[in-house]
Structure formats: C-alpha cells, structure tokens
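Here is the file query-v8.cif (mmCIF, C-alpha atoms).
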data_data
loop_
_atom_site.label_atom_id
_atom_site.label_comp_id
_atom_site.auth_asym_id
_atom_site.auth_seq_id
_atom_site.Cartn_x
_atom_site.Cartn_y
_atom_site.Cartn_z
CA MET P 142 129.25 97.10 98.12
CA SER P 143 129.94 95.47 94.75
CA ALA P 144 127.20 95.29 92.13
CA SER P 145 127.51 91.49 92.15
CA SER P 146 126.17 91.39 95.72
CA PHE P 147 122.96 93.21 94.73
CA ARG P 148 119.73 91.35 94.11
CA HIS P 149 118.92 91.95 90.44
CA PRO P 150 115.98 94.31 89.77
CA ASP P 151 114.28 91.61 87.68
CA GLN P 152 114.39 89.22 90.63
CA LEU P 153 113.16 91.93 93.01
CA ARG P 154 110.27 92.46 90.61
CA ALA P 155 109.48 88.74 90.60
CA ASP P 156 109.47 88.76 94.41
CA PHE P 157 107.26 91.86 94.43
CA SER P 158 104.81 90.40 91.91
CA GLN P 159 104.40 87.16 93.88
CA ALA P 160 104.03 88.96 97.23
CA LEU P 161 101.48 91.33 95.73
CA SER P 162 99.51 88.40 94.31
CA ASP P 163 99.56 86.63 97.69
CA MET P 164 98.30 89.77 99.44
CA TYR P 165 95.55 90.41 96.89
CA ARG P 166 94.38 86.79 96.99
CA GLU P 167 93.95 87.15 100.75
CA GLU P 168 92.15 90.51 100.40
CA VAL P 169 89.91 89.47 97.47
CA PRO P 170 89.14 85.72 97.58
CA ALA P 171 87.47 85.87 94.15
CA TYR P 172 90.90 86.71 92.70
CA GLY P 173 91.91 83.19 93.71
CA GLN P 174 89.05 81.87 91.56
CA LEU P 175 90.46 83.77 88.57
CA ILE P 176 93.91 82.29 89.14
CA ASP P 177 92.38 78.80 89.20
CA ILE P 178 90.38 79.47 86.00
CA VAL P 179 93.47 80.77 84.22
CA ALA P 180 95.61 77.83 85.37
CA ASP P 181 93.08 75.33 84.06
CA ILE P 182 92.70 77.00 80.66
CA ASN P 183 96.41 77.67 80.20
CA ALA P 184 97.17 74.03 80.97
CA GLU P 185 95.19 73.17 77.84
CA HIS P 186 97.40 75.40 75.66
CA GLU P 187 101.08 75.13 74.90
CA GLY P 188 103.55 77.86 74.08
CA ILE P 189 102.05 80.68 76.19
CA ARG P 190 104.20 82.47 78.70
CA SER P 191 101.73 82.55 81.55
CA ASP P 192 103.34 81.52 84.82
CA GLY P 193 103.38 84.60 87.02
CA GLU P 194 102.16 86.77 84.15
CA ARG P 195 99.96 89.50 85.53
CA HIS P 196 99.43 93.22 85.68
CA GLY P 197 98.12 95.43 88.42
CA ALA P 198 96.37 98.79 88.41
CA ILE P 199 96.71 101.64 90.90
CA ARG P 200 95.45 105.23 91.03
CA LEU P 201 97.50 108.05 92.56
CA GLY P 202 96.37 111.45 93.78
CA THR P 203 99.32 113.81 93.43
CA ALA P 204 102.42 114.53 91.39
CA ASP P 205 104.58 113.74 94.44
CA GLU P 206 102.96 110.33 94.80
CA LEU P 207 103.60 109.54 91.12
CA ASN P 208 107.21 110.63 91.44
CA LEU P 209 107.78 108.46 94.52
CA ILE P 210 106.06 105.41 93.05
CA GLY P 211 108.10 105.83 89.86
CA ARG P 212 111.29 105.75 91.94
CA VAL P 213 110.14 102.59 93.74
CA PHE P 214 109.31 100.91 90.45
CA ALA P 215 112.72 101.85 89.04
CA VAL P 216 114.36 99.77 91.79
CA LEU P 217 112.15 96.88 90.62
CA GLY P 218 113.24 97.28 87.00
CA LEU P 219 109.92 98.80 85.89
CA HIS P 220 109.98 101.60 83.30
CA PRO P 221 107.16 104.00 82.31
CA VAL P 222 106.00 103.14 78.80
CA GLY P 223 103.30 105.06 76.93
CA TYR P 224 100.92 107.86 77.84
CA TYR P 225 97.21 107.11 78.14
CA ASP P 226 94.64 109.90 78.20
CA LEU P 227 91.49 108.54 79.84
CA SER P 228 89.77 111.93 79.95
CA VAL P 229 88.54 111.19 76.41
CA ALA P 230 86.19 108.70 78.07
CA GLY P 231 85.14 111.09 80.83
CA LEU P 232 87.54 109.72 83.42
CA PRO P 233 89.55 112.37 85.32
CA VAL P 234 92.89 110.54 85.11
CA HIS P 235 95.86 110.06 82.81
CA SER P 236 98.19 107.09 82.99
CA THR P 237 101.29 105.18 82.05
CA ALA P 238 102.27 101.51 82.28
CA PHE P 239 105.37 100.60 84.27
CA ARG P 240 106.86 97.45 82.78
CA PRO P 241 110.08 95.65 81.78
CA ILE P 242 111.58 96.79 78.47
CA THR P 243 113.77 93.83 77.49
CA GLU P 244 113.03 90.25 76.52
CA ALA P 245 115.29 89.06 79.33
CA GLY P 246 113.35 91.18 81.81
CA PHE P 247 110.00 89.79 80.66
CA ASN P 248 111.35 86.24 80.82
CA VAL P 249 112.26 86.67 84.49
CA SER P 250 109.13 88.57 85.54
CA PRO P 251 106.57 89.93 83.06
CA PHE P 252 104.81 92.06 85.66
CA ARG P 253 103.33 95.46 84.72
CA MET P 254 101.58 98.17 86.74
CA PHE P 255 99.04 100.40 85.00
CA THR P 256 99.39 103.62 86.98
CA SER P 257 96.90 106.48 86.83
CA LEU P 258 97.18 110.01 88.19
CA LEU P 259 94.16 112.09 89.21
CA ARG P 260 93.53 115.15 87.03
CA LEU P 261 92.84 117.70 89.75
CA ASP P 262 92.42 120.32 87.01
CA MET P 263 89.25 118.53 85.92
CA LEU P 264 87.48 119.07 89.26
CA PRO P 265 85.22 121.99 90.20
CA ASP P 266 87.07 124.56 92.35
CA ALA P 267 85.47 123.76 95.71
CA LEU P 268 85.88 120.02 95.30
CA ARG P 269 89.43 120.39 94.01
CA LYS P 270 90.43 122.28 97.15
CA LYS P 271 88.86 119.58 99.30
CA ALA P 272 90.68 116.84 97.37
CA GLU P 273 94.00 118.71 97.45
CA SER P 274 93.71 119.21 101.21
CA ALA P 275 92.97 115.52 101.82
CA LEU P 276 95.78 114.33 99.58
CA ALA P 277 98.29 116.76 101.09
CA ALA P 278 97.56 115.29 104.53
CA ARG P 279 98.32 111.67 103.66
CA CYS P 280 101.66 109.86 103.43
CA ILE P 281 101.66 106.63 101.44
CA PHE P 282 105.25 105.63 102.30
CA SER P 283 106.68 104.42 105.58
CA ALA P 284 109.92 105.89 106.89
CA LYS P 285 111.56 102.49 106.28
CA CYS P 286 110.47 102.48 102.65
CA HIS P 287 111.93 105.96 102.17
CA SER P 288 115.21 104.86 103.79
CA LEU P 289 115.56 101.75 101.64
CA LEU P 290 114.62 103.64 98.49
CA GLU P 291 117.32 106.23 99.13
CA LYS P 292 119.82 103.46 99.90
CA ALA P 293 119.03 101.70 96.62
CA GLU P 294 119.42 104.93 94.66
CA THR P 295 122.62 105.99 96.43
CA GLU P 296 124.39 102.62 96.35
CA GLY P 297 123.02 101.43 93.00
CA GLY P 298 121.03 98.49 94.35
CA LEU P 299 120.03 96.41 97.38
CA ASN P 300 121.43 93.21 98.83
CA ALA P 301 119.20 90.20 99.46
CA ILE P 302 118.23 91.20 103.01
CA ASP P 303 117.47 94.83 102.20
CA GLY P 304 115.80 93.77 98.95
CA ALA P 305 113.40 91.45 100.78
CA GLU P 306 112.51 94.23 103.23
CA PHE P 307 112.08 96.72 100.40
CA VAL P 308 109.66 94.34 98.65
CA ARG P 309 107.62 93.98 101.86
CA GLU P 310 107.49 97.75 102.29
CA ALA P 311 106.60 98.31 98.62
CA VAL P 312 103.77 95.76 98.72
CA SER P 313 102.32 97.36 101.85
CA ILE P 314 101.88 100.65 99.94
CA PHE P 315 99.11 98.97 97.94
CA ALA P 316 97.32 97.19 100.79
CA TRP P 317 93.60 97.65 101.44
CA ARG P 318 92.90 99.57 104.65
CA LYS P 319 89.31 99.60 105.88
CA ARG P 320 89.58 102.89 107.79
CA ALA P 321 89.21 105.82 105.36
CA HIS P 322 91.48 108.85 105.17
CA VAL P 323 88.60 111.36 104.83
CA ASP P 324 85.40 111.87 106.80
CA LEU P 325 82.06 110.58 105.53
CA GLU P 326 80.84 113.99 104.39
CA THR P 327 83.93 114.54 102.24
CA TYR P 328 83.67 111.02 100.82
CA GLN P 329 80.06 111.57 99.81
CA ALA P 330 80.93 114.89 98.14
CA LEU P 331 83.72 113.23 96.16
CA LEU P 332 81.50 110.29 95.28
CA SER P 333 78.73 112.54 93.97
CA GLU P 334 81.20 114.19 91.59
CA HIS P 335 82.76 110.94 90.34
CA PRO P 336 83.29 107.54 92.03
CA LEU P 337 86.80 107.36 90.61
CA ILE P 338 87.73 110.56 92.46
CA ALA P 339 86.32 109.17 95.71
CA ASP P 340 88.39 106.00 95.25
CA ILE P 341 91.62 107.92 94.70
CA VAL P 342 91.28 110.56 97.44
CA SER P 343 89.41 108.85 100.28
CA PHE P 344 91.84 106.18 101.42
CA GLN P 345 95.14 106.02 103.29
CA GLY P 346 96.99 104.88 100.19
CA PRO P 347 96.68 103.69 96.59
CA HIS P 348 95.18 100.25 97.15
CA MET P 349 95.22 97.75 94.28
CA ASN P 350 92.17 98.12 92.07
CA HIS P 351 92.78 94.84 90.33
CA LEU P 352 95.45 92.24 89.64
CA THR P 353 95.14 90.57 86.26
CA PRO P 354 96.44 87.13 85.20
CA ARG P 355 97.07 86.37 81.52
CA VAL P 356 94.99 83.64 79.90
CA ALA P 357 95.41 81.77 76.62
CA ASP P 358 91.70 81.89 75.68
CA ILE P 359 89.74 84.79 77.14
CA ASP P 360 86.43 83.70 75.60
CA ALA P 361 86.69 80.41 77.46
CA ALA P 362 87.67 82.25 80.63
CA HIS P 363 84.74 84.66 80.27
CA GLU P 364 82.30 81.74 80.07
CA ARG P 365 84.01 79.86 82.90
CA MET P 366 83.65 82.94 85.13
CA ARG P 367 79.91 83.01 84.41
CA GLN P 368 79.60 79.31 85.19
CA MET P 369 81.29 79.87 88.55
CA GLY P 370 78.71 82.49 89.48
CA LEU P 371 80.89 85.58 89.18
CA GLU P 372 79.11 88.77 88.10
CA VAL P 373 80.98 89.17 84.84
CA LYS P 374 81.28 92.20 82.58
CA GLU P 375 78.83 91.86 79.68
CA THR P 376 81.40 92.19 76.89
CA ILE P 377 85.10 91.56 76.34
CA GLU P 378 87.06 94.78 75.80
CA GLY P 379 89.41 95.10 72.82
CA PRO P 380 89.54 93.45 69.39
CA PRO P 381 87.06 90.73 68.41
CA ARG P 382 88.07 87.05 68.54
CA ARG P 383 90.43 86.31 65.65
CA ASN P 384 92.62 83.52 64.25
CA CYS P 385 95.63 85.79 64.87
CA PRO P 386 95.00 87.60 68.17
CA ILE P 387 96.17 91.22 68.19
CA LEU P 388 96.88 93.74 70.93
CA LEU P 389 94.93 93.08 74.14
CA ARG P 390 91.56 91.68 75.18
CA GLN P 391 90.25 92.04 78.74
CA THR P 392 87.24 91.05 80.80
CA ALA P 393 86.41 91.38 84.50
CA PHE P 394 83.99 90.50 87.25
CA LYS P 395 82.13 93.45 88.72
CA ALA P 396 83.62 95.40 91.60
CA LEU P 397 83.03 94.32 95.17
CA THR P 398 80.97 96.36 97.61
CA GLU P 399 83.15 96.59 100.70
CA SER P 400 82.67 97.97 104.21
CA VAL P 401 84.73 101.03 105.10
CA GLU P 402 84.91 103.00 108.35
CA PHE P 403 84.51 106.78 108.01
CA LYS P 404 84.92 109.47 110.65
CA THR P 405 81.73 111.38 111.48
CA LYS P 406 80.75 113.79 114.26
CA TYR P 407 79.46 110.73 116.13
CA GLY P 408 82.70 108.80 115.81
CA TRP P 409 83.59 106.10 113.30
CA GLU P 410 80.71 104.79 111.17
CA THR P 411 80.60 102.01 108.62
CA ALA P 412 79.63 102.82 105.03
CA HIS P 413 80.28 101.05 101.73
CA HIS P 414 82.66 101.59 98.82
CA THR P 415 82.79 99.91 95.41
CA ALA P 416 86.03 99.86 93.46
CA ARG P 417 88.12 96.67 93.54
CA PHE P 418 87.43 94.02 90.93
CA GLY P 419 88.90 91.00 89.16
CA GLU P 420 90.19 91.05 85.60
CA ILE P 421 91.63 88.58 83.08
CA GLU P 422 93.60 89.48 79.95
CA GLN P 423 94.67 87.82 76.70
CA ARG P 424 97.60 89.29 74.79
CA GLY P 425 98.11 89.14 71.03
CA MET P 426 100.48 90.55 68.45
CA ALA P 427 102.02 94.02 68.72
CA LEU P 428 100.95 96.27 65.85
CA THR P 429 103.09 98.78 63.99
CA ARG P 430 101.96 102.40 63.74
CA LYS P 431 100.37 101.50 60.40
CA GLY P 432 98.62 98.52 62.00
CA ARG P 433 97.47 100.59 64.94
CA ASP P 434 96.00 103.25 62.63
CA LEU P 435 94.05 100.54 60.80
CA TYR P 436 92.91 99.05 64.12
CA ASP P 437 91.66 102.44 65.31
CA ARG P 438 89.71 102.95 62.07
CA CYS P 439 88.16 99.48 62.33
CA LEU P 440 87.30 100.09 65.98
CA ALA P 441 85.58 103.37 65.14
CA ALA P 442 83.60 101.68 62.38
CA LYS P 443 82.92 98.60 64.55
CA ASP P 444 83.95 96.50 61.58
CA PHE P 445 87.19 94.48 61.45
CA SER P 446 86.55 92.79 58.11
CA ASP P 447 89.33 94.85 56.51
CA PHE P 448 91.94 93.80 59.08
CA PRO P 449 94.00 90.83 57.76
CA ASP P 450 93.84 87.71 59.91
CA THR P 451 96.88 85.68 58.85
CA GLU P 452 100.46 86.15 59.95
CA ALA P 453 101.60 86.19 56.32
CA GLU P 454 99.31 89.11 55.42
CA LEU P 455 100.04 91.02 58.62
CA LYS P 456 103.75 90.72 57.88
CA ALA P 457 103.46 91.48 54.15
CA GLN P 458 101.45 94.64 54.82
CA GLY P 459 103.69 95.82 57.66
CA LEU P 460 100.85 95.78 60.19
CA ALA P 461 102.50 93.80 62.99
CA PHE P 462 105.95 93.45 64.54
CA PHE P 463 107.99 90.28 64.08
CA ASP P 464 111.38 89.35 65.52
CA LYS P 465 114.41 88.46 63.40
CA ASN P 466 113.28 84.83 63.35
CA GLY P 467 109.87 85.78 61.96
CA SER P 468 107.91 85.22 65.16
CA PRO P 469 105.28 87.84 66.10
CA LEU P 470 106.10 90.09 69.02
CA THR P 471 103.63 90.07 71.91
CA TYR P 472 101.85 93.33 72.72
CA GLU P 473 103.08 94.26 76.19
CA ASP P 474 101.04 97.45 76.66
CA PHE P 475 97.45 98.66 77.07
CA LEU P 476 94.57 100.28 75.18
CA PRO P 477 93.03 103.51 76.53
CA VAL P 478 89.53 102.71 75.24
CA SER P 479 89.64 99.26 76.84
CA ALA P 480 91.07 100.60 80.10
CA ALA P 481 88.30 103.18 80.27
CA GLY P 482 85.71 100.50 79.49
CA ILE P 483 86.97 98.29 82.31
CA PHE P 484 87.09 101.22 84.75
CA LYS P 485 83.58 102.36 83.85
CA SER P 486 82.05 98.90 84.09
CA ASN P 487 83.19 98.75 87.69
CA LEU P 488 81.70 102.01 88.88
CA ARG P 489 78.38 100.22 89.30
CA ASP P 490 75.24 102.32 88.96
CA THR P 491 76.56 105.21 91.03
CA ALA P 492 75.32 108.41 89.45
CA GLU P 493 78.07 110.31 87.68
CA THR P 494 78.06 114.03 87.17
CA GLU P 495 79.97 115.40 84.24
CA THR P 496 83.54 116.40 84.88
CA VAL P 497 85.11 119.40 83.22
CA ALA P 498 86.00 118.64 79.62
CA ALA P 499 89.72 118.12 79.22
CA SER P 500 92.30 116.68 76.89
CA GLY P 501 95.51 114.82 77.50
CA ASN P 502 98.55 116.62 78.83
CA GLN P 503 101.58 114.39 78.52
CA ALA P 504 103.98 117.18 79.45
CA VAL P 505 102.25 117.70 82.81
CA PHE P 506 102.24 113.96 83.48
CA GLU P 507 105.94 113.63 82.65
CA ALA P 508 106.80 116.65 84.81
CA ALA P 509 105.06 114.93 87.74
CA LEU P 510 106.83 111.66 87.00
CA GLY P 511 110.18 113.38 86.74
CA ARG P 512 111.14 111.88 83.38
CA PRO P 513 109.67 111.20 79.94
CA VAL P 514 107.62 108.07 79.27
CA LEU P 515 109.12 105.70 76.71
CA ASP P 516 107.67 105.23 73.23
CA MET P 517 106.24 101.71 72.89
CA PHE P 518 106.61 101.69 69.09
CA GLU P 519 110.33 102.44 69.39
CA LEU P 520 110.71 99.57 71.86
CA TYR P 521 108.95 97.12 69.53
CA GLU P 522 111.04 98.41 66.59
CA THR P 523 114.22 97.72 68.54
CA ALA P 524 113.02 94.24 69.53
CA SER P 525 112.20 93.39 65.92
CA HIS P 526 115.84 93.76 64.81
#

Take the structure in the file and give it back as structure tokens.
Amino acid sequence: MSASSFRHPDQLRADFSQALSDMYREEVPAYGQLIDIVADINAEHEGIRSDGERHGAIRLGTADELNLIGRVFAVLGLHPVGYYDLSVAGLPVHSTAFRPITEAGFNVSPFRMFTSLLRLDMLPDALRKKAESALAARCIFSAKCHSLLEKAETEGGLNAIDGAEFVREAVSIFAWRKRAHVDLETYQALLSEHPLIADIVSFQGPHMNHLTPRVADIDAAHERMRQMGLEVKETIEGPPRRNCPILLRQTAFKALTESVEFKTKYGWETAHHTARFGEIEQRGMALTRKGRDLYDRCLAAKDFSDFPDTEAELKAQGLAFFDKNGSPLTYEDFLPVSAAGIFKSNLRDTAETETVAASGNQAVFEAALGRPVLDMFELYETASH
C-alpha cells in the first residue's frame, strides 16, 4: 500500500479527539456544560485557536500499559514531551504529555493527553503485591486494537477504513465501565492508602479522568461555572491573571461521585467512587529556561511583581519564546505543581495516608515507555527560528 493511501496521523488524531469528546460528553453531562461555557466566552474573543482544542488525562498502572498506549498514540501523531514528577506533591505517579510537535500538527488537531504511570515502588509491600496482581490480570486492549496497531506499525500507516476502526478501538480503551476489576475489599484497601491508587488499579481500563477545553478567559469561565451551579475548585491553578498570560492556568469542577459494582462474597454490590471531573484551561506564552527559573522563584515566593508583564520586556530579557515574526509562542505543555493541585482538589475529603517518600525517576519512566521523552525547551527553540 502506498503512503498516499494512508490517513494522515494528524487527521486520525482529529478523529480520535472528536470521538473521545463525544464519548465523554455522553458519560459526563457536565462536560457538555463546560463546552458551552467555553464556546460562549471564546466567541467574544478573536485570534484564539480554540475549535477542538482540548487535552485529556489518563492514569496507567504498569510499564506494559504505558508502552502500549505510547504505541497507539504514535499512530495518532502524538509524541511524549516532558517528564513530570508528581511525587513531590505526594502523588504516587509520574507523567508525560503526548502531543503534536509541529505547528502544522497543532493546526490540524491540537489534542494532548497527559499520561500518568503509577509508582508501584511508592506502595507498602503488601499493598504493592495486591496492586501488581490486579494489574497483571487485566487487559486494556482488544484483540482488534492489537491487530490494527501491529498493521499500522508494519505497513507504516492505516487506510481510511482501518483508521476509522482503529480510532473506535482506541477510544474504547478510555471508556468508563461501571463494573470494577477488583473486589470491594481490595478496592477499600487501595482507597485507604491513596484514592489515586484505587482509581488506577480498580477498574477494567484507564478511563478518562477529565477532558479539558481551552478558553480565552479562564477567570470569566471560573465565574460562569459558579453561576451555573457547578461545584468549582476554589482557586485557579498556575500564574496569576496578567496582561500577558504566561504558561498555563487551569480550573475544574469537583469530581463526580459515581456508582460502581464490586464483587463481594455475596455477589455484585454497588459502592461509590470519586475521580472524574471537569476542567478548563487557558494557555499563555511559552517561557525560556531563564523565564521558567524566574517563574519558579516567583511561585515559591508567591509574588510575581518581579515578572515583566509586557511583550517588549519579556522579549528584551529573553524570558519568553517568540517566532521569527516576533509573535509569542503558545505554551503547549503542563505544570507539575498545577497538575498536582488539580488532582488533589478532586480527591474529595477521602482520608489520605502518607505514601513512601520518593523522587522522580525519568530513566525508569522512559524504560517503561520504550523511548526517551522529548525536551520541550528544545522544541520551542526550534519553533522560534
């Protein structure tokens, strides 16, 4: 088959993003409210690339799952960019963001997937064995998905018919399934250690935790969410409101409490799980390493008065990236502190016990993935020339 007969990865990604959004809107009706809020606010602003702009978040349990998902995302033109250590905030995961890496790719479909992997090494021995056993017994891919994935890798792509089927199979990986993978006793043990662990291990697959549309004015969106009666996060994560927005700002409505069926010695019983929520993001300018160092210092001091707030100063001081025409580059990535803040705000009031102290381990993450993650600063540097 000639390469010209293949459906382009960017178009497959666009199909995947739309199908995922349709599925999540059906699963979480409040997500539809967010889409409506974003559409209304974005209609009041010009010059923002917003149509179809969204990111998702998933959590995986094993190295094999990360490797397989990475291969699926490669067919969709998604590349792993950046390493995020969330253990610094007490969360037993580390992550990367799968995203396009070219301007052309973003113009066709600017979808990203923030993908986290459980740090089994952070769990107490007895619980780790229980989690490992549960994860080893689940299969998140269908036989058809495996077949199409291997076909895409062997032949260098997929035609329109196979591509459409591959998208359907890929979307189904992230569907919500109300019947749990573990019994109620195991779920409760995982939950008592950390609700994030229970969310990753207890289900048949890595359901979507949120799907996030991009908005032009997140402060307006935050207030609109309150007005519509959504239980909104108290604060907006990321930088403060500025004349020149930088990096990424995010807010969310609190996670839903959903019914789940668990196996018990009496049969299947209904219990409740809290994990999936709705999030909105606003993206600003990408910062250079120098700019990011200054941002981190300001964040630690909780004082951004020393951070310039005009494009001229940001450019003169080498704090932000600009393209060859002098336009600022959009930040296409994430912030570990903000990600942790969003995750934590959606764990409700479930008691958390302390997990084993740990630090990031990019080498272990990349070994599981099967390839290195890309350096976001190098990508922005390339785009600025």

Who sits within 8 Å of Leu515 (chain P), all atoms listed in the file, same chain under 5 positions skipped, as a list in words: His220, Pro221, Val222, Gly223 and Leu520 of chain P

The PyMOL selection byres ((chain P and resi 402-418) around 10) on the file shown: which residues, as a PDB file with C-alpha atoms, keeping the file's coordinate frame?
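The file below, out_23.pdb, is the result:
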ATOM      1  CA  VAL P 169      89.910  89.470  97.470  1.00  0.00           C
ATOM      2  CA  ALA P 171      87.470  85.870  94.150  1.00  0.00           C
ATOM      3  CA  TYR P 172      90.900  86.710  92.700  1.00  0.00           C
ATOM      4  CA  ALA P 198      96.370  98.790  88.410  1.00  0.00           C
ATOM      5  CA  TRP P 317      93.600  97.650 101.440  1.00  0.00           C
ATOM      6  CA  ARG P 318      92.900  99.570 104.650  1.00  0.00           C
ATOM      7  CA  LYS P 319      89.310  99.600 105.880  1.00  0.00           C
ATOM      8  CA  ARG P 320      89.580 102.890 107.790  1.00  0.00           C
ATOM      9  CA  ALA P 321      89.210 105.820 105.360  1.00  0.00           C
ATOM     10  CA  HIS P 322      91.480 108.850 105.170  1.00  0.00           C
ATOM     11  CA  VAL P 323      88.600 111.360 104.830  1.00  0.00           C
ATOM     12  CA  ASP P 324      85.400 111.870 106.800  1.00  0.00           C
ATOM     13  CA  LEU P 325      82.060 110.580 105.530  1.00  0.00           C
ATOM     14  CA  GLU P 326      80.840 113.990 104.390  1.00  0.00           C
ATOM     15  CA  THR P 327      83.930 114.540 102.240  1.00  0.00           C
ATOM     16  CA  TYR P 328      83.670 111.020 100.820  1.00  0.00           C
ATOM     17  CA  LEU P 332      81.500 110.290  95.280  1.00  0.00           C
ATOM     18  CA  PRO P 336      83.290 107.540  92.030  1.00  0.00           C
ATOM     19  CA  LEU P 337      86.800 107.360  90.610  1.00  0.00           C
ATOM     20  CA  ALA P 339      86.320 109.170  95.710  1.00  0.00           C
ATOM     21  CA  ASP P 340      88.390 106.000  95.250  1.00  0.00           C
ATOM     22  CA  ILE P 341      91.620 107.920  94.700  1.00  0.00           C
ATOM     23  CA  SER P 343      89.410 108.850 100.280  1.00  0.00           C
ATOM     24  CA  PHE P 344      91.840 106.180 101.420  1.00  0.00           C
ATOM     25  CA  HIS P 348      95.180 100.250  97.150  1.00  0.00           C
ATOM     26  CA  MET P 349      95.220  97.750  94.280  1.00  0.00           C
ATOM     27  CA  ASN P 350      92.170  98.120  92.070  1.00  0.00           C
ATOM     28  CA  HIS P 351      92.780  94.840  90.330  1.00  0.00           C
ATOM     29  CA  LEU P 352      95.450  92.240  89.640  1.00  0.00           C
ATOM     30  CA  THR P 353      95.140  90.570  86.260  1.00  0.00           C
ATOM     31  CA  ALA P 393      86.410  91.380  84.500  1.00  0.00           C
ATOM     32  CA  PHE P 394      83.990  90.500  87.250  1.00  0.00           C
ATOM     33  CA  LYS P 395      82.130  93.450  88.720  1.00  0.00           C
ATOM     34  CA  ALA P 396      83.620  95.400  91.600  1.00  0.00           C
ATOM     35  CA  LEU P 397      83.030  94.320  95.170  1.00  0.00           C
ATOM     36  CA  THR P 398      80.970  96.360  97.610  1.00  0.00           C
ATOM     37  CA  GLU P 399      83.150  96.590 100.700  1.00  0.00           C
ATOM     38  CA  SER P 400      82.670  97.970 104.210  1.00  0.00           C
ATOM     39  CA  VAL P 401      84.730 101.030 105.100  1.00  0.00           C
ATOM     40  CA  GLY P 419      88.900  91.000  89.160  1.00  0.00           C
ATOM     41  CA  GLU P 420      90.190  91.050  85.600  1.00  0.00           C
ATOM     42  CA  ILE P 483      86.970  98.290  82.310  1.00  0.00           C
ATOM     43  CA  PHE P 484      87.090 101.220  84.750  1.00  0.00           C
ATOM     44  CA  SER P 486      82.050  98.900  84.090  1.00  0.00           C
ATOM     45  CA  ASN P 487      83.190  98.750  87.690  1.00  0.00           C
ATOM     46  CA  LEU P 488      81.700 102.010  88.880  1.00  0.00           C
ATOM     47  CA  ARG P 489      78.380 100.220  89.300  1.00  0.00           C
ATOM     48  CA  THR P 491      76.560 105.210  91.030  1.00  0.00           C
TER      49      THR P 491
END

Near-Leu389 (chain P) list (7 Å; all atoms listed in the file; drop same-chain fewer than 5 positions) as a ChimeraX atom specification: /P:379,422-425,475

Pairwise distance for CA of Ile242 (chain P) and CA of Tyr225 (chain P), rounded to one decimal in Å: 17.7 Å

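Distance annotation: of P:Leu201, P:Ala155, P:Ala275, P:Ala316, the residue with the minimal separation from Phe252 (chain P) is P:Ala155; atom set is all atoms listed in the file.
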
Ref. answer, residues at most 7 Å from (107.9, 101.7, 85.3) with only C-alpha atoms, as a list in words: Gly211, Phe214, Ala215, Leu219, His220, Pro221, Val222, Ala238, Phe239 and Arg240 of chain P
